[in-house]
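Peer 1: Have a look at this one.
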Amino acid sequence: MTQVQIENVTKMYGSFAAVDGVSVDIPDGSFVCLLGPSGCGKTTLLRLVAGLEDLTGGTLKVGGEDYAHIPAHKREFGMVFQSLALFPHLTVAENIAYPLKVRGIGAAQRRKRAIELLELVKLPGIEDRHIHQLSGGQRQRVAIARGLAIDPKVFLLDEPLSALDANLREHMQIELRQLQKNLGVTTIVVTHDQREAMSMADIVIVMEAGKVQQVGTPVEIYRNPANAFVANFIGVSNLIPGYVGSTTNFKVHDAVISLTPEDILHVEAPSNATLSVRPEDVVIHSDKSVGQLSGEVTFIRDLGASVEILVRVSDVEITSVCTPKQRPDVQIGNIVGVEIVTGRATVLAS
Ligand code: ATP
C-alpha cells in the first residue's frame with residue numbers, strides 16, 4: 001500500500017510560505033495532478049514528497065510510515081523532472097538503468113531491465129542510441145522509463161510534457177495515463193495546464209498561493225468549483241453577482257434563477273453570492289422573453305466547431321457557447337433571452 005498522506009505540510013523560505021498548511025490524502029494506485037498557476041507551490045510540494053526539500057512543518061506518511069526524515073535516495077520513488085535531466089554522454093539503456101547502477105545492480109540485469117522498460121514505453125530497439133539522436137517525444141519516454149526503472153513506490157513527475165508540441169503532448173497524456181493504469185503505481189504529476197490535469201487525473205488538487213483550493217475528480221472540480229478562483233482556473237466560467245434568497249433561487253436584479261440545493265453547497269442563504277455557470281450551460285434565445293435573463297448581444301465568434309456569443313446583461317458580460325447547429329438566429333445589437341440551464345450552475349460565496 002503506497003497511500004501518500006500529507007498533513008498540514010508547510011514549507012517556509014525565510015518568512016515566505018511556498019506551501020502553506022496543505023493536507024491531502026493520495027490513495028494507493030491513484031493518478032493525481034497538482035494544478036495551479038506559476039508560483040503557487042506545486043513543485044515545492046512535489047519536492048517535499050520526493051524528499052528533495054525538508055518540511056518546515058506538518059507530517060508526510062507513505063504507506064502509513066512517517067517519511068519526513070527518510071532521505072530522498074532511500075524513498076524508492078521514481079522522478080521525472082521538467083528538464084528531463086538525461087545524461088548526454090550515456091546511451092539510452094545506460095540512462096534508463098542509471099538508478100539501478102547506483103543501487104549496485106549488475107550490468108546484465110541492468111540492460112535486461114532497460115530493454116524491458118523500452119518495450120513498456122513503446123520504444124523497442126533504441127537502447128544503444130545516444131540522447132542527441134532522439135526526438136523530443138522519445139526523450140520524454142526515456143525519462144519516464146528511467147523514472148520507472150526501480151519499480152518505484154511512488155512516481156513523481158514535474159511538468160513532464162511541457163516541452164512537447166500540442167499534438168504530441170495530448171498523445172503522451174493518454175500514453176502516460178494508460179501506462180500508469182497498467183502498472184498501478186501511485187503517481188503525482190505537477191502541471192499548470194488545466195486541460196492536461198482534467199484529461200489524465202483521477203484526482204486534481206488545485207493550488208493557489210501555497211494553499212489547496214479544492215481536491216476532487218476532474219468532473220467534480222469542473223461542475224462544482226469551490227470558489228471563484230477554481231471556477232476561473234478550470235476552463236471558462238461566467239461569474240454573475242447576485243443574491244441567494246433561499247435554497248432554491250438566485251436573484252440577479254429582478255430576475256430569479258431557479259436552483260437545486262446541490263447548486264448552492266458552498267453558500268448559506270440568504271446572502272450576496274456569485275453564480276458560476278459554464279458557457280455551454282448558457283443558452284441564447286432570439287426571443288427575449290425566453291430564459292431567466294435578457295441582454296444585448298455584444299460579440300459573436302464562429303470558431304468552426306463551436307460558436308461563442310457574448311451578451312451584456314446589466315453590467316455583466318455573459319458568454320454562451322453552442323455548436324454551429326444550435327446557433328440561434330441573433331446578431332450583434334439584438335436584445336435576446338438568456339437561459340441559465342437549471343442544475344448546471346454553482347453558487348459561490350462573494
Ligand atoms: P511553476 O509552475 O512556475 O514552476 P510552482 O507552482 O511549481 O511554479 P514553486 O516552484 O513551488 O511554484 O514555487 C513556489 C514559490 O516559492 C515561488 O514564489 C518561488 O519563487 C518560491 N521558491 C521556490 N523555491 C524557492 C527557494 N529555494 N528559495 C526561495 N523561494 C523559493
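If you're wondering about the labels, chains in the C-alpha cells are A, B, ... by order shown, residues count from 1 in each chain, ligands from 1 in order shown.
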List all protein, DNA and RNA residues that have an atom no more than 7 Å from any atom of ligand 1, counting only C-alpha atoms and all ligand atoms, and report them as an NGL selection string.
Peer 2: :A and (13 or 18 or 36-45 or 192 or 210)
Peer 1: Give me, as an MDAnalysis selection string, the residues of stretch 94-258 of chain A that a backbone DSSP run labels alpha helix (DSSP H).
Peer 2: chainID A and resid 94:102 107:120 136:148 166:183 194:200 218:223 228:233
Peer 1: In Å to one decimal, how far is atom CA of A:Ile340 from atom CA of A:Val290?
Peer 2: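 Going from atom CA of A:Val290 over to atom CA of A:Ile340 covers 10.6 Å.
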Peer 1: Using only C-alpha atoms, which residues sit within 7 Å of A:Gln292 once same-chain residues fewer than 2 positions away are excluded, as a list in words?
Peer 2: Ala255, Val256, Ile257, Val290, Val338, Glu339 and Ile340 of chain A
Peer 1: Find the residues near A:Ser306: any atom within 12 Å, counting only C-alpha atoms, skip ones fewer than 2 places away on the same chain, and give them as a list in words.
Peer 2: Pro279, Glu280, Ile300, Arg301, Asp302, Leu303, Gly304, Glu308, Ile309, Ser320, Val321, Cys322, Thr323, Pro324, Lys325, Gln326 and Arg327 of chain A
Peer 1: Include N, CA and C atoms and write out the residues we just selected as a PDB file, in the first residue's frame.
Peer 2:
ATOM      1  N   PRO A 279     -20.031  28.353 -19.981  1.00  0.00           N
ATOM      2  CA  PRO A 279     -20.615  28.869 -21.229  1.00  0.00           C
ATOM      3  C   PRO A 279     -21.523  27.860 -21.933  1.00  0.00           C
ATOM      4  N   GLU A 280     -21.187  26.567 -21.830  1.00  0.00           N
ATOM      5  CA  GLU A 280     -22.033  25.568 -22.514  1.00  0.00           C
ATOM      6  C   GLU A 280     -23.372  25.360 -21.806  1.00  0.00           C
ATOM      7  N   ILE A 300     -20.025  38.031 -31.452  1.00  0.00           N
ATOM      8  CA  ILE A 300     -20.275  36.655 -31.902  1.00  0.00           C
ATOM      9  C   ILE A 300     -19.000  36.166 -32.589  1.00  0.00           C
ATOM     10  N   ARG A 301     -18.555  34.980 -32.198  1.00  0.00           N
ATOM     11  CA  ARG A 301     -17.333  34.445 -32.807  1.00  0.00           C
ATOM     12  C   ARG A 301     -17.592  33.002 -33.229  1.00  0.00           C
ATOM     13  N   ASP A 302     -17.401  32.738 -34.533  1.00  0.00           N
ATOM     14  CA  ASP A 302     -17.592  31.377 -35.045  1.00  0.00           C
ATOM     15  C   ASP A 302     -16.231  30.699 -35.117  1.00  0.00           C
ATOM     16  N   LEU A 303     -16.029  29.678 -34.263  1.00  0.00           N
ATOM     17  CA  LEU A 303     -14.715  29.008 -34.209  1.00  0.00           C
ATOM     18  C   LEU A 303     -14.697  27.708 -35.011  1.00  0.00           C
ATOM     19  N   GLY A 304     -15.690  27.528 -35.856  1.00  0.00           N
ATOM     20  CA  GLY A 304     -15.761  26.304 -36.667  1.00  0.00           C
ATOM     21  C   GLY A 304     -16.528  25.209 -35.944  1.00  0.00           C
ATOM     22  N   GLU A 308     -19.329  31.179 -30.202  1.00  0.00           N
ATOM     23  CA  GLU A 308     -19.308  31.867 -28.915  1.00  0.00           C
ATOM     24  C   GLU A 308     -20.134  33.143 -29.054  1.00  0.00           C
ATOM     25  N   ILE A 309     -21.052  33.355 -28.125  1.00  0.00           N
ATOM     26  CA  ILE A 309     -21.875  34.571 -28.168  1.00  0.00           C
ATOM     27  C   ILE A 309     -21.760  35.274 -26.824  1.00  0.00           C
ATOM     28  N   SER A 320     -21.793  32.537 -23.896  1.00  0.00           N
ATOM     29  CA  SER A 320     -22.503  31.296 -24.208  1.00  0.00           C
ATOM     30  C   SER A 320     -21.736  30.595 -25.327  1.00  0.00           C
ATOM     31  N   VAL A 321     -21.654  29.272 -25.243  1.00  0.00           N
ATOM     32  CA  VAL A 321     -21.020  28.515 -26.329  1.00  0.00           C
ATOM     33  C   VAL A 321     -22.000  27.451 -26.798  1.00  0.00           C
ATOM     34  N   CYS A 322     -22.151  27.323 -28.112  1.00  0.00           N
ATOM     35  CA  CYS A 322     -23.019  26.269 -28.649  1.00  0.00           C
ATOM     36  C   CYS A 322     -22.376  25.701 -29.907  1.00  0.00           C
ATOM     37  N   THR A 323     -22.956  24.632 -30.430  1.00  0.00           N
ATOM     38  CA  THR A 323     -22.452  24.090 -31.690  1.00  0.00           C
ATOM     39  C   THR A 323     -23.037  24.936 -32.824  1.00  0.00           C
ATOM     40  N   PRO A 324     -22.416  24.898 -34.027  1.00  0.00           N
ATOM     41  CA  PRO A 324     -22.973  25.679 -35.138  1.00  0.00           C
ATOM     42  C   PRO A 324     -24.438  25.326 -35.419  1.00  0.00           C
ATOM     43  N   LYS A 325     -24.798  24.030 -35.209  1.00  0.00           N
ATOM     44  CA  LYS A 325     -26.181  23.601 -35.451  1.00  0.00           C
ATOM     45  C   LYS A 325     -27.161  24.271 -34.489  1.00  0.00           C
ATOM     46  N   GLN A 326     -26.686  24.496 -33.243  1.00  0.00           N
ATOM     47  CA  GLN A 326     -27.577  25.069 -32.218  1.00  0.00           C
ATOM     48  C   GLN A 326     -27.605  26.594 -32.270  1.00  0.00           C
ATOM     49  N   ARG A 327     -26.823  27.180 -33.158  1.00  0.00           N
ATOM     50  CA  ARG A 327     -26.668  28.642 -33.164  1.00  0.00           C
ATOM     51  C   ARG A 327     -28.013  29.348 -33.323  1.00  0.00           C
TER      52      ARG A 327
END
Peer 1: If you count only C-alpha atoms, which residues fall within 9 Å of A:Asp151, apart from same-chain ones fewer than 4 positions away, as a list of chain:residue names?
Peer 2: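 These residues fall inside the cut-off: A:Glu76, A:Phe77, A:Gly78, A:Gly147, A:Phe155, A:Val185.
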Peer 1: Include C-alpha atoms and write out the residues we just selected as an mmCIF file, in the first residue's frame.
Peer 2:
data_model
loop_
_atom_site.group_PDB
_atom_site.id
_atom_site.type_symbol
_atom_site.label_atom_id
_atom_site.label_comp_id
_atom_site.auth_asym_id
_atom_site.auth_seq_id
_atom_site.Cartn_x
_atom_site.Cartn_y
_atom_site.Cartn_z
ATOM 1 C CA GLU A 76 12.386 4.336 -3.598
ATOM 2 C CA PHE A 77 10.413 6.900 -5.585
ATOM 3 C CA GLY A 78 10.724 7.466 -9.328
ATOM 4 C CA GLY A 147 11.722 7.065 -13.546
ATOM 5 C CA PHE A 155 6.070 8.036 -9.293
ATOM 6 C CA VAL A 185 1.761 2.930 -9.350
#
Peer 1: Do you know which residues are at most 8 Å from stretch 270-274 of chain A counting only C-alpha atoms, after dropping those on the same chain fewer than 2 positions away, and could you put them as a ChimeraX atom specification?
Peer 2: /A:239-246,267-268,276,347-350
Peer 1: Would you list the contacts of A:Ile96 as a ChimeraX atom specification, taking every protein, DNA or RNA residue within 6 Å and counting only C-alpha atoms, but skipping same-chain residues closer than 2 positions in sequence?
Peer 2: /A:93-94,98,114,146
